[in-house]
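K.L.:
One file: start_26.txt (compact mmCIF, C-alpha atoms and all ligand atoms).
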# COMPACT_ATOMS: atom_id res chain seq x y z
CA MET A 232 35.18 -25.69 62.76
CA ALA A 233 35.16 -29.35 63.76
CA ASP A 234 32.09 -30.49 65.72
CA ASP A 235 34.02 -30.89 68.95
CA MET A 236 35.78 -27.53 68.72
CA ARG A 237 34.47 -24.19 69.87
CA GLY A 238 34.37 -21.17 67.57
CA VAL A 239 35.69 -17.82 68.77
CA VAL A 240 34.18 -14.56 67.55
CA GLY A 241 36.16 -11.48 68.62
CA TYR A 242 34.21 -8.22 68.68
CA ALA A 243 35.43 -4.62 68.48
CA LEU A 244 32.59 -2.20 69.17
CA LEU A 245 32.19 1.24 70.66
CA PRO A 246 30.98 1.18 74.30
CA LYS A 247 27.36 2.15 73.43
CA LYS A 248 27.17 -0.51 70.76
CA GLN A 249 28.76 -3.12 72.99
CA GLN A 250 26.22 -2.38 75.68
CA SER A 251 23.22 -2.75 73.40
CA PHE A 252 24.48 -5.68 71.32
CA ILE A 253 26.47 -7.90 73.70
CA GLN A 254 23.63 -8.95 75.98
CA ASP A 255 23.75 -11.93 78.35
CA SER A 256 20.99 -13.61 76.34
CA LEU A 257 23.19 -13.48 73.21
CA LEU A 258 26.31 -14.63 75.07
CA SER A 259 24.57 -17.62 76.57
CA LEU A 260 22.82 -18.70 73.38
CA CYS A 261 26.13 -18.49 71.51
CA LYS A 262 27.85 -20.45 74.27
CA SER A 263 25.25 -23.21 74.12
CA ARG A 264 25.88 -23.49 70.36
CA GLY A 265 29.68 -23.71 70.73
CA ILE A 266 30.56 -20.08 70.01
CA ASP A 267 32.46 -17.83 72.42
CA LEU A 268 32.11 -14.08 72.00
CA VAL A 269 35.31 -12.40 73.16
CA ARG A 270 35.88 -8.66 73.50
CA ILE A 271 38.84 -7.29 71.55
CA ASP A 272 40.92 -5.04 73.80
CA GLN A 273 41.23 -1.68 72.04
CA ASP A 274 44.34 -0.84 74.03
CA ARG A 275 46.32 -3.72 72.52
CA ARG A 276 47.19 -4.52 68.90
CA LEU A 277 44.70 -6.87 67.27
CA ILE A 278 47.47 -9.21 66.03
CA ASP A 279 48.54 -9.77 69.64
CA GLN A 280 45.07 -11.09 70.48
CA GLY A 281 43.06 -14.15 69.57
CA PRO A 282 42.94 -16.65 68.09
CA PHE A 283 39.67 -15.57 66.48
CA ASP A 284 37.77 -17.55 63.86
CA CYS A 285 35.89 -14.38 63.11
CA VAL A 286 36.36 -10.68 63.85
CA LEU A 287 33.17 -8.66 64.17
CA HIS A 288 33.64 -4.91 64.18
CA LYS A 289 32.12 -1.44 63.90
CA MET A 290 35.21 0.70 64.34
CA TYR A 291 36.64 3.24 61.95
CA GLY A 292 39.86 5.06 61.18
CA ASP A 293 43.12 4.30 59.38
CA ASP A 294 44.77 2.68 62.37
CA TRP A 295 41.95 0.18 62.80
CA ARG A 296 41.94 -0.60 59.08
CA LYS A 297 45.69 -1.27 59.17
CA GLN A 298 45.29 -3.50 62.19
CA LEU A 299 42.67 -5.55 60.34
CA GLU A 300 44.96 -5.85 57.31
CA GLU A 301 47.84 -7.09 59.46
CA PHE A 302 45.55 -9.48 61.27
CA GLN A 303 44.19 -10.90 58.02
CA ILE A 304 47.68 -11.45 56.61
CA GLN A 305 48.77 -13.28 59.74
CA ASN A 306 45.48 -15.17 60.07
CA PRO A 307 44.35 -16.00 56.54
CA ASN A 308 41.74 -18.47 57.80
CA SER A 309 39.96 -15.93 59.97
CA THR A 310 36.90 -14.16 58.67
CA ILE A 311 36.49 -10.42 59.03
CA ILE A 312 32.88 -9.26 59.15
CA ASP A 313 32.81 -6.99 57.13
CA SER A 314 35.52 -5.56 54.90
CA PRO A 315 36.28 -1.87 55.72
CA VAL A 316 36.31 -1.07 52.00
CA SER A 317 32.72 -2.31 51.68
CA ILE A 318 31.62 -0.55 54.85
CA GLN A 319 33.13 2.72 53.70
CA ARG A 320 30.71 2.94 50.80
CA LEU A 321 27.92 3.49 53.32
CA HIS A 322 29.68 6.51 54.78
CA ASN A 323 28.66 8.70 51.87
CA ARG A 324 24.92 9.15 51.29
CA ILE A 325 25.37 9.22 47.49
CA SER A 326 27.55 6.13 47.02
CA MET A 327 25.33 4.37 49.57
CA LEU A 328 22.15 4.75 47.51
CA GLN A 329 23.96 4.21 44.21
CA ALA A 330 23.99 0.54 45.21
CA VAL A 331 20.18 0.60 45.01
CA SER A 332 20.16 2.20 41.56
CA GLU A 333 22.55 -0.52 40.35
CA LEU A 334 20.23 -3.33 41.46
CA LYS A 335 18.57 -5.37 38.76
CA ILE A 336 15.55 -7.15 40.15
CA GLU A 337 12.57 -8.51 38.30
CA SER A 338 9.55 -7.37 40.22
CA GLY A 339 5.87 -7.80 39.48
CA THR A 340 3.63 -4.87 40.20
CA ASP A 341 5.87 -3.36 42.88
CA THR A 342 8.72 -1.05 41.91
CA PHE A 343 11.61 0.47 43.83
CA GLY A 344 14.24 3.18 43.53
CA ILE A 345 15.66 6.13 45.45
CA PRO A 346 14.27 9.66 45.86
CA LYS A 347 15.45 12.39 43.50
CA GLN A 348 18.50 14.01 45.00
CA ILE A 349 21.53 16.18 44.41
CA VAL A 350 24.76 16.63 46.29
CA ILE A 351 25.60 20.26 47.11
CA TYR A 352 29.19 21.14 47.93
CA ASP A 353 28.95 24.92 48.30
CA LYS A 354 26.58 27.74 49.27
CA GLU A 355 26.66 29.21 45.79
CA THR A 356 25.10 26.11 44.24
CA LEU A 357 22.73 25.84 47.20
CA PHE A 358 21.28 29.29 46.55
CA ASP A 359 21.29 28.81 42.78
CA ARG A 360 17.76 27.41 42.53
CA GLN A 361 18.27 26.56 38.83
CA SER A 362 20.95 24.00 39.65
CA TRP A 363 18.42 21.87 41.47
CA GLU A 364 15.14 22.98 39.95
CA PHE A 365 14.09 19.34 39.45
CA LEU A 366 13.49 19.19 43.22
CA LYS A 367 10.28 20.66 44.61
CA TYR A 368 9.81 21.84 48.19
CA PRO A 369 9.75 20.37 50.74
CA VAL A 370 13.23 18.85 50.53
CA ILE A 371 15.29 17.05 53.14
CA ALA A 372 18.85 18.22 53.70
CA LYS A 373 21.15 15.43 54.91
CA PRO A 374 24.85 15.64 55.72
CA LEU A 375 26.73 14.01 52.83
CA ILE A 376 28.89 12.04 55.23
CA ALA A 377 27.16 9.31 57.23
CA ASP A 378 29.94 8.19 59.53
CA GLY A 379 27.89 7.48 62.64
CA SER A 380 28.69 10.82 64.31
CA ALA A 381 25.81 12.76 65.89
CA LYS A 382 26.45 15.44 63.24
CA SER A 383 25.89 12.97 60.41
CA HIS A 384 22.31 12.36 61.62
CA LYS A 385 21.39 16.08 61.83
CA MET A 386 18.85 16.71 59.09
CA ALA A 387 16.46 19.47 58.15
CA LEU A 388 13.13 19.47 56.40
CA VAL A 389 13.25 22.58 54.24
CA PHE A 390 9.94 24.20 53.25
CA ASN A 391 11.11 27.16 51.20
CA HIS A 392 14.08 29.29 50.06
CA GLU A 393 14.41 30.93 53.46
CA GLY A 394 15.02 27.53 55.03
CA LEU A 395 18.26 27.16 53.06
CA ASN A 396 20.08 29.72 55.20
CA LYS A 397 20.92 27.37 58.03
CA LEU A 398 22.26 24.54 55.84
CA LYS A 399 25.95 23.71 55.84
CA PRO A 400 27.28 21.98 52.71
CA PRO A 401 28.41 19.38 51.82
CA ILE A 402 24.86 18.10 51.96
CA VAL A 403 22.48 15.95 49.97
CA LEU A 404 19.20 17.63 49.08
CA GLN A 405 16.55 14.98 48.63
CA GLU A 406 12.92 15.27 47.67
CA PHE A 407 10.66 14.71 50.67
CA VAL A 408 8.27 11.96 49.69
CA ASN A 409 4.96 11.66 51.56
CA HIS A 410 4.78 8.11 52.88
CA GLY A 411 2.04 8.01 55.52
CA GLY A 412 4.39 8.63 58.45
CA VAL A 413 5.74 5.08 58.60
CA ILE A 414 9.10 3.72 57.47
CA PHE A 415 10.06 0.11 57.00
CA LYS A 416 13.40 -0.96 58.44
CA VAL A 417 14.82 -4.03 56.78
CA TYR A 418 17.42 -5.85 58.86
CA VAL A 419 19.87 -8.09 57.03
CA VAL A 420 22.09 -10.66 58.76
CA GLY A 421 23.77 -12.75 56.07
CA GLU A 422 20.91 -14.45 54.24
CA PHE A 423 18.37 -13.53 56.95
CA VAL A 424 15.99 -10.65 56.21
CA LYS A 425 13.46 -9.06 58.59
CA CYS A 426 11.25 -6.05 57.88
CA VAL A 427 9.75 -4.01 60.74
CA LYS A 428 7.70 -0.79 60.93
CA ARG A 429 8.82 2.41 62.61
CA LYS A 430 7.40 5.90 62.96
CA SER A 431 8.65 8.53 60.60
CA LEU A 432 8.02 12.15 59.65
CA PRO A 433 4.34 12.88 58.92
CA ASP A 434 3.16 13.78 55.42
CA VAL A 435 3.26 17.41 54.33
CA SER A 436 0.25 18.37 52.21
CA GLU A 437 0.40 21.15 49.58
CA GLU A 438 -1.98 23.11 51.77
CA LYS A 439 0.16 22.68 54.90
CA LEU A 440 3.34 23.56 52.99
CA LYS A 441 2.00 27.10 52.36
CA SER A 442 1.80 27.74 56.09
CA LEU A 443 5.20 26.27 57.03
CA GLU A 444 8.13 28.61 57.41
CA GLY A 445 11.85 28.06 56.84
CA SER A 446 12.96 24.67 57.95
CA LEU A 447 12.51 22.06 60.66
CA PRO A 448 15.68 20.48 62.05
CA PHE A 449 15.42 16.86 63.24
CA SER A 450 17.59 13.89 64.12
CA GLN A 451 16.99 10.13 64.28
CA VAL A 452 13.18 10.35 64.17
CA SER A 453 12.68 6.60 64.16
CA ASN A 454 14.66 6.32 67.40
CA LEU A 455 12.59 8.88 69.33
CA THR A 456 10.75 7.44 72.32
CA SER A 457 6.97 7.77 72.22
CA ASP A 458 7.16 10.35 75.01
CA GLU A 459 9.57 12.55 73.06
CA ARG A 460 7.35 12.30 70.02
CA ASN A 461 4.11 13.00 71.85
CA ASP A 462 5.55 16.07 73.55
CA ASP A 463 5.94 17.70 70.20
CA LYS A 464 2.74 18.31 68.30
CA TYR A 465 4.55 17.89 64.99
CA TYR A 466 5.16 14.21 65.63
CA LYS A 467 1.50 13.42 66.12
CA LEU A 468 0.62 9.91 67.12
CA MET A 469 0.30 7.57 64.17
CA ASP A 470 -1.01 4.06 64.28
CA LEU A 471 1.70 1.71 63.07
CA GLU A 472 -0.57 -1.28 63.26
CA GLU A 473 -2.80 -0.04 60.44
CA THR A 474 0.11 0.10 58.03
CA GLU A 475 0.62 -2.92 55.83
CA LEU A 476 4.14 -4.28 55.41
CA PRO A 477 5.57 -4.40 51.87
CA PRO A 478 5.47 -7.85 50.21
CA GLN A 479 8.06 -10.04 51.95
CA SER A 480 9.45 -11.63 48.78
CA PHE A 481 9.94 -8.21 47.15
CA ILE A 482 11.82 -6.90 50.19
CA THR A 483 13.90 -10.09 50.41
CA ASP A 484 14.92 -9.74 46.75
CA ILE A 485 16.08 -6.16 47.35
CA ALA A 486 17.90 -7.17 50.55
CA ARG A 487 19.73 -10.06 48.92
CA GLY A 488 20.59 -7.94 45.89
CA LEU A 489 22.01 -5.24 48.15
CA ARG A 490 23.93 -7.80 50.17
CA ARG A 491 25.66 -8.99 47.03
CA GLY A 492 26.10 -5.54 45.53
CA LEU A 493 27.52 -4.05 48.70
CA LYS A 494 29.44 -7.18 49.74
CA LEU A 495 28.13 -6.74 53.26
CA ASN A 496 26.52 -9.14 55.70
CA LEU A 497 25.40 -6.89 58.53
CA PHE A 498 23.29 -3.89 57.60
CA ASN A 499 19.79 -2.50 57.52
CA PHE A 500 18.05 -0.18 55.11
CA ASP A 501 15.14 2.25 55.47
CA VAL A 502 12.33 2.06 52.94
CA ILE A 503 9.32 4.32 52.46
CA ARG A 504 6.20 3.68 50.37
CA ASP A 505 5.44 6.59 48.07
CA ALA A 506 1.95 7.79 49.06
CA ARG A 507 1.35 9.05 45.48
CA ILE A 508 2.04 5.63 43.94
CA GLY A 509 0.97 2.94 46.40
CA ASN A 510 3.23 0.20 45.01
CA ARG A 511 6.41 2.26 44.65
CA TYR A 512 9.09 1.86 47.33
CA LEU A 513 12.05 4.14 47.89
CA VAL A 514 15.22 3.21 49.77
CA ILE A 515 16.38 6.29 51.70
CA ASP A 516 19.17 5.06 54.00
CA ILE A 517 21.51 2.09 54.51
CA ASN A 518 23.29 1.56 57.84
CA TYR A 519 26.18 -0.70 58.69
CA PHE A 520 25.73 -2.97 61.74
CA PRO A 521 22.55 -1.28 63.01
CA GLY A 522 20.81 -1.74 66.34
CA TYR A 523 20.05 -5.46 65.99
CA ALA A 524 19.03 -5.78 69.62
CA LYS A 525 15.81 -3.93 68.68
CA MET A 526 14.94 -6.78 66.31
CA PRO A 527 12.74 -9.42 67.97
CA GLY A 528 14.69 -12.68 68.45
CA TYR A 529 18.01 -11.11 67.48
CA GLU A 530 19.94 -13.60 69.61
CA THR A 531 18.85 -16.59 67.50
CA VAL A 532 19.43 -14.81 64.22
CA LEU A 533 22.93 -13.64 65.14
CA THR A 534 23.90 -16.98 66.72
CA ASP A 535 22.82 -18.84 63.57
CA PHE A 536 24.88 -16.41 61.52
CA PHE A 537 28.01 -16.85 63.66
CA CYS A 538 27.62 -20.64 63.42
CA ASP A 539 27.41 -20.35 59.63
CA VAL A 540 30.47 -18.10 59.38
CA VAL A 541 32.61 -20.18 61.69
CA GLY A 542 31.40 -23.56 60.47
CA LYS A 543 31.01 -23.07 56.73
CA LYS A 544 33.63 -20.56 55.88
CA SER A 545 35.16 -22.60 53.08
CA LEU A 546 31.95 -22.60 51.02
CA SER A 547 32.74 -21.06 47.66
CA GLU A 548 29.32 -19.48 47.46
CA GLU A 549 30.03 -17.54 50.63
CA LYS A 550 33.39 -16.49 49.22
CA GLU A 551 31.68 -14.91 46.24
CA ILE A 552 29.49 -12.68 48.34
CA GLY A 553 32.19 -11.52 50.67
CA VAL A 554 31.59 -13.54 53.84
CA VAL A 555 35.19 -14.68 53.68
CA GLU A 556 36.35 -11.95 51.41
CA LYS A 557 39.92 -11.24 52.34
CA LEU A 558 40.68 -7.65 53.10
CA GLN A 559 41.80 -5.70 50.14
CA VAL A 560 45.21 -4.46 51.14
CA VAL A 561 44.81 -0.84 50.26
CA ARG A 562 47.62 0.98 51.91
CA ASN A 563 47.49 4.77 52.15
CA CYS A 564 43.95 4.60 50.85
CA ASP A 565 42.69 7.87 52.25
CA VAL A 566 39.42 8.17 50.43
CA ASP A 567 37.91 11.63 50.60
CA LEU A 568 34.31 10.71 51.30
CA THR A 569 33.04 14.10 50.24
CA LYS A 570 34.39 13.44 46.73
CA ILE A 571 32.91 10.02 46.15
CA ALA A 572 29.82 11.47 44.53
CA SER A 573 29.61 12.98 41.13
CA LYS A 574 27.88 16.31 41.19
CA THR A 575 24.37 15.48 40.10
CA CYS A 576 22.44 12.44 41.11
CA CYS A 577 18.78 12.21 40.29
CA SER A 578 16.80 9.01 40.29
CA ASP A 579 13.45 7.44 39.64
CA GLY A 580 14.47 6.79 36.06
CA GLU A 581 13.55 10.35 35.08
CA GLU A 582 16.96 11.93 35.00
CA LYS A 583 19.81 9.47 34.89
CA GLU A 584 22.64 9.88 37.33
CA LYS A 585 26.32 10.13 36.52
CA SER A 586 28.17 7.20 38.03
CA PRO A 587 29.97 8.13 41.22
CA VAL A 588 33.69 7.70 40.88
CA LEU A 589 35.85 6.86 43.83
CA GLN A 590 38.54 9.49 43.88
CA VAL A 591 41.35 7.90 45.84
O1 LIG B 601 21.97 2.46 68.51
P1 LIG B 601 20.78 2.02 67.78
O2 LIG B 601 20.26 0.70 68.26
O3 LIG B 601 19.72 3.07 67.73
O4 LIG B 601 21.22 1.74 66.26
C1 LIG B 601 21.43 2.79 65.34
C2 LIG B 601 20.59 2.57 64.10
O5 LIG B 601 19.25 2.50 64.45
P2 LIG B 601 18.30 1.37 63.85
O6 LIG B 601 18.83 0.03 64.21
O7 LIG B 601 18.29 1.55 62.36
O8 LIG B 601 17.02 1.70 64.51
C3 LIG B 601 20.82 3.74 63.17
O9 LIG B 601 19.97 3.67 62.03
P3 LIG B 601 19.35 5.05 61.39
O10 LIG B 601 20.53 5.77 60.83
O11 LIG B 601 18.68 5.78 62.52
O12 LIG B 601 18.39 4.64 60.33
C4 LIG B 601 22.27 3.71 62.71
O13 LIG B 601 22.56 2.47 62.11
C5 LIG B 601 23.15 3.89 63.93
O14 LIG B 601 24.49 3.75 63.54
P4 LIG B 601 25.34 4.99 63.04
O15 LIG B 601 25.12 6.09 64.06
O16 LIG B 601 24.78 5.39 61.71
O17 LIG B 601 26.71 4.44 62.99
C6 LIG B 601 22.88 2.83 64.98
O18 LIG B 601 23.62 3.24 66.15
P5 LIG B 601 24.82 2.45 66.81
O19 LIG B 601 24.18 1.48 67.76
O20 LIG B 601 25.60 1.73 65.75
O21 LIG B 601 25.60 3.52 67.48
N1 LIG B 602 13.28 11.34 51.12
C1 LIG B 602 12.60 11.26 52.25
N2 LIG B 602 11.27 11.46 52.26
C2 LIG B 602 10.57 11.41 53.41
N3 LIG B 602 11.12 11.17 54.62
C3 LIG B 602 12.45 10.97 54.68
C4 LIG B 602 13.25 10.98 53.51
N4 LIG B 602 14.54 10.78 53.86
C5 LIG B 602 14.54 10.63 55.19
N5 LIG B 602 13.28 10.72 55.70
C6 LIG B 602 12.93 10.65 57.13
O1 LIG B 602 14.06 11.10 57.85
C7 LIG B 602 14.59 10.06 58.68
C8 LIG B 602 16.10 10.15 58.73
O2 LIG B 602 16.65 10.04 57.43
P1 LIG B 602 17.76 8.95 57.11
O3 LIG B 602 18.21 9.17 55.72
O4 LIG B 602 17.23 7.60 57.44
O5 LIG B 602 18.94 9.38 58.10
P2 LIG B 602 19.67 8.64 59.30
O6 LIG B 602 20.91 8.07 58.71
O7 LIG B 602 19.99 9.70 60.31
O8 LIG B 602 18.73 7.60 59.82
C9 LIG B 602 14.06 8.78 58.06
O9 LIG B 602 13.99 7.74 59.01
C10 LIG B 602 12.67 9.23 57.60
O10 LIG B 602 11.80 9.31 58.72
MG MG B 603 17.80 6.02 58.79
MG MG B 604 21.51 6.11 58.62
Here is a file; write its structure as structure tokens.
P.N.:
Amino acid sequence: MADDMRGVVGYALLPKKQQSFIQDSLLSLCKSRGIDLVRIDQDRRLIDQGPFDCVLHKMYGDDWRKQLEEFQIQNPNSTIIDSPVSIQRLHNRISMLQAVSELKIESGTDTFGIPKQIVIYDKETLFDRQSWEFLKYPVIAKPLIADGSAKSHKMALVFNHEGLNKLKPPIVLQEFVNHGGVIFKVYVVGEFVKCVKRKSLPDVSEEKLKSLEGSLPFSQVSNLTSDERNDDKYYKLMDLEETELPPQSFITDIARGLRRGLKLNLFNFDVIRDARIGNRYLVIDINYFPGYAKMPGYETVLTDFFCDVVGKKSLSEEKEIGVVEKLQVVRNCDVDLTKIASKTCCSDGEEKEKSPVLQV
């Protein structure tokens, strides 16, 4: 983008996302820096709209993917943030966390990984305790698919065998790790990294586990308002302020490693600190284009990013990490997300996982 020319960022977002993300404060800061944010009309073909220097999107489905492919072919100098192929990896909770296991980062005293877990495709395996005996109760059951639907956020904390009855495979069973009731959310916007604290599920002691029955269903704990949480005695008030943040440089190294490994620019990840081993961190979730508006000063961070994308898009370094990665033209690529994972996936270096294979 020449200094005297304005950059145009087209955005395609669901109504809820548009409402939270496209705020007047963001629009005006972008405007003052020479960037216009323009809504992409979902009722018209993308190639009939523009011109856009950059297309920002959180939309799914084959039709949308094809529209992006067509657009990229016709507009090779435009930048699509991010590639649907890269985003799709986050729609399966096994392939998502595999990116963490693949990271190679030299760390000092702090270590990181993912919780022990297994993917369960059928009830038979679910009730066959031997097939996942390496997991101790309590376990968390998460839908395998994480496609942003309300269903994909419906989880259950399972305390014993009886609690398995309500589960509906395909699911991921993951060890519940006590972490002091606080999670760290790490927001990534290109090279920018910000870690914040949020409330989480409280610890479950061995003693308490004996008295808990069946399972506890829950959904989007870290997004509950304080009123919702206080109404329920289970989510007892916890003091976030007392919790120390993980070391910034350690978190930044993980974030940058994930950015390169995933070839994504806009994501956040949830981290917990293992209460048994104070300097061990576990990544439990990675989300594409999360709720950035909840991040203090999001307008500046996002505006800087748009300026970088629009103004520096020929930088070869950026090419390498996918900022200007051209869409892979994968026609008829109907990936079955439930089959991305190989059957067993344990972590923590104890039992090594089989590599997940994309079955296209
Ligand atoms: O809506 P928000 O601001 O709560 O953002 C959600 C995220 O919350 P967070 O920023 O991590 O606190 C939320 O993160 P969690 O999964 O709750 O960790 C998701 O990223 C969610 O997107 P989707 O439903 O998975 O597609 C995000 O929802 P969408 O805004 O994309 O619908
Ligand atoms: N392995 C785990 N150990 C302890 N708590 C967990 C674990 N996995 C998830 N949680 C809790 O459950 C919440 C939701 O799980 P998460 O995988 O982040 O799903 P979602 O995609 O719906 O945010 C987390 O924010 C955290 O509070
Ligand atoms: Mg989460
Ligand atoms: Mg998530």
K.L.:
Residues near Ile351 (chain A), anyone? I mean within 7 Å using only C-alpha atoms, not counting same-chain ones fewer than 5 positions away, as an MDAnalysis selection string.
P.N.:
chainID A and resid 356:357 400:403
K.L.:
Using all atoms listed in the file, determine which residues fall within 6 Å of ligand LIG 602 (chain B), then list them as a PyMOL selection string.
P.N.:
chain A and resi 346+384+405-409+431-432+451-453+515-516
K.L.:
With C-alpha atoms retained, write the just-selected residues as an mmCIF file, in the frame of the given file.
P.N.:
data_model
loop_
_atom_site.group_PDB
_atom_site.id
_atom_site.type_symbol
_atom_site.label_atom_id
_atom_site.label_comp_id
_atom_site.auth_asym_id
_atom_site.auth_seq_id
_atom_site.Cartn_x
_atom_site.Cartn_y
_atom_site.Cartn_z
ATOM 1 C CA PRO A 346 14.270 9.660 45.860
ATOM 2 C CA HIS A 384 22.310 12.360 61.620
ATOM 3 C CA GLN A 405 16.550 14.980 48.630
ATOM 4 C CA GLU A 406 12.920 15.270 47.670
ATOM 5 C CA PHE A 407 10.660 14.710 50.670
ATOM 6 C CA VAL A 408 8.270 11.960 49.690
ATOM 7 C CA ASN A 409 4.960 11.660 51.560
ATOM 8 C CA SER A 431 8.650 8.530 60.600
ATOM 9 C CA LEU A 432 8.020 12.150 59.650
ATOM 10 C CA GLN A 451 16.990 10.130 64.280
ATOM 11 C CA VAL A 452 13.180 10.350 64.170
ATOM 12 C CA SER A 453 12.680 6.600 64.160
ATOM 13 C CA ILE A 515 16.380 6.290 51.700
ATOM 14 C CA ASP A 516 19.170 5.060 54.000
#
K.L.:
When you look at Asn323 (chain A) with a cut-off of 10 Å (counting all atoms listed in the file), what residues show up, excluding the ones that are within fewer than 2 positions of it in the same chain? I need them as a PyMOL selection string.
P.N.:
chain A and resi 319-321+325-328+374-378+383+403+567-572
K.L.:
Closest to ligand MG 604 (chain B) among A:Asp501, A:Asp274, A:Glu530, A:Asp434, using all atoms listed in the file?
P.N.:
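Answer, going by the shortest atom-to-atom distance: A:Asp501.
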K.L.:
Rank nothing, just name the residue among A:Gly412, A:Pro315, A:Gly421, A:Gly528 nearest to Gly488 (chain A), using all atoms listed in the file.
P.N.:
A:Gly421
K.L.:
How would you write, as a list in words, the set of residues no farther than 7 Å from ligand LIG 601 (chain B) when counting all atoms listed in the file?
P.N.:
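The residues near ligand LIG 601 (chain B) are Lys247, Lys248, Ser251, Ala377, Asp378, Gly379, Ser380, Ala381, His384, Lys416, Gln451, Ser453, Asn454, Asn499, Asp501, Asp516, Asn518, Tyr519, Phe520, Pro521, Gly522, Tyr523, Ala524 and Lys525 of chain A.
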K.L.:
Enumerate, as number ranges by chain, the protein, DNA and RNA residues whose atoms approach (6.3, 6.1, 52.7) to within 7 Å, taking into account all atoms listed in the file and the coordinate frame of the file.
P.N.:
A: 408-414, 503-506
K.L.:
Write a file of the selected residues as a PDB file, in the coordinates of the input, keeping C-alpha atoms.
P.N.:
ATOM      1  CA  VAL A 408       8.270  11.960  49.690  1.00  0.00           C
ATOM      2  CA  ASN A 409       4.960  11.660  51.560  1.00  0.00           C
ATOM      3  CA  HIS A 410       4.780   8.110  52.880  1.00  0.00           C
ATOM      4  CA  GLY A 411       2.040   8.010  55.520  1.00  0.00           C
ATOM      5  CA  GLY A 412       4.390   8.630  58.450  1.00  0.00           C
ATOM      6  CA  VAL A 413       5.740   5.080  58.600  1.00  0.00           C
ATOM      7  CA  ILE A 414       9.100   3.720  57.470  1.00  0.00           C
ATOM      8  CA  ILE A 503       9.320   4.320  52.460  1.00  0.00           C
ATOM      9  CA  ARG A 504       6.200   3.680  50.370  1.00  0.00           C
ATOM     10  CA  ASP A 505       5.440   6.590  48.070  1.00  0.00           C
ATOM     11  CA  ALA A 506       1.950   7.790  49.060  1.00  0.00           C
TER      12      ALA A 506
END
K.L.:
Of the candidates A:Gln479, A:Gln298, A:Ser450, A:Gln254, which one gets nearest to ligand MG 603 (chain B) if we count only C-alpha atoms and all ligand atoms?
P.N.:
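Result for the nearest residue to ligand MG 603 (chain B): A:Ser450.
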K.L.:
Quick check, in Å to one decimal: how far apart do CA of Asn308 (chain A) and CA of Val239 (chain A) lie?
P.N.:
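A separation of 12.5 Å between them.
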K.L.:
Place N, CA, C and O atoms on region 396-405 of chain A and deliver the coordinates as a PDB file, in the coordinates of the input.
P.N.:
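Output (rebuild.pdb):
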ATOM      1  N   ASN A 396      19.047  28.923  54.513  1.00  0.00           N
ATOM      2  CA  ASN A 396      20.080  29.720  55.200  1.00  0.00           C
ATOM      3  C   ASN A 396      20.893  28.952  56.230  1.00  0.00           C
ATOM      4  O   ASN A 396      22.078  29.185  56.386  1.00  0.00           O
ATOM      5  N   LYS A 397      20.229  28.045  56.930  1.00  0.00           N
ATOM      6  CA  LYS A 397      20.920  27.370  58.030  1.00  0.00           C
ATOM      7  C   LYS A 397      21.718  26.142  57.572  1.00  0.00           C
ATOM      8  O   LYS A 397      22.359  25.481  58.391  1.00  0.00           O
ATOM      9  N   LEU A 398      21.621  25.795  56.292  1.00  0.00           N
ATOM     10  CA  LEU A 398      22.260  24.540  55.840  1.00  0.00           C
ATOM     11  C   LEU A 398      23.758  24.718  55.641  1.00  0.00           C
ATOM     12  O   LEU A 398      24.227  25.768  55.207  1.00  0.00           O
ATOM     13  N   LYS A 399      24.491  23.659  55.960  1.00  0.00           N
ATOM     14  CA  LYS A 399      25.950  23.710  55.840  1.00  0.00           C
ATOM     15  C   LYS A 399      26.447  22.620  54.907  1.00  0.00           C
ATOM     16  O   LYS A 399      26.571  21.461  55.301  1.00  0.00           O
ATOM     17  N   PRO A 400      26.747  22.981  53.629  1.00  0.00           N
ATOM     18  CA  PRO A 400      27.280  21.980  52.710  1.00  0.00           C
ATOM     19  C   PRO A 400      28.614  21.417  53.243  1.00  0.00           C
ATOM     20  O   PRO A 400      29.280  22.121  54.030  1.00  0.00           O
ATOM     21  N   PRO A 401      29.042  20.219  52.842  1.00  0.00           N
ATOM     22  CA  PRO A 401      28.410  19.380  51.820  1.00  0.00           C
ATOM     23  C   PRO A 401      27.177  18.641  52.348  1.00  0.00           C
ATOM     24  O   PRO A 401      27.229  18.031  53.396  1.00  0.00           O
ATOM     25  N   ILE A 402      26.111  18.751  51.593  1.00  0.00           N
ATOM     26  CA  ILE A 402      24.860  18.100  51.960  1.00  0.00           C
ATOM     27  C   ILE A 402      24.238  17.423  50.740  1.00  0.00           C
ATOM     28  O   ILE A 402      24.596  17.735  49.605  1.00  0.00           O
ATOM     29  N   VAL A 403      23.310  16.529  51.030  1.00  0.00           N
ATOM     30  CA  VAL A 403      22.480  15.950  49.970  1.00  0.00           C
ATOM     31  C   VAL A 403      21.108  16.585  50.131  1.00  0.00           C
ATOM     32  O   VAL A 403      20.558  16.582  51.234  1.00  0.00           O
ATOM     33  N   LEU A 404      20.592  17.156  49.055  1.00  0.00           N
ATOM     34  CA  LEU A 404      19.200  17.630  49.080  1.00  0.00           C
ATOM     35  C   LEU A 404      18.372  16.543  48.422  1.00  0.00           C
ATOM     36  O   LEU A 404      18.671  16.114  47.301  1.00  0.00           O
ATOM     37  N   GLN A 405      17.359  16.110  49.126  1.00  0.00           N
ATOM     38  CA  GLN A 405      16.550  14.980  48.630  1.00  0.00           C
ATOM     39  C   GLN A 405      15.085  15.364  48.663  1.00  0.00           C
ATOM     40  O   GLN A 405      14.646  16.031  49.601  1.00  0.00           O
TER      41      GLN A 405
END
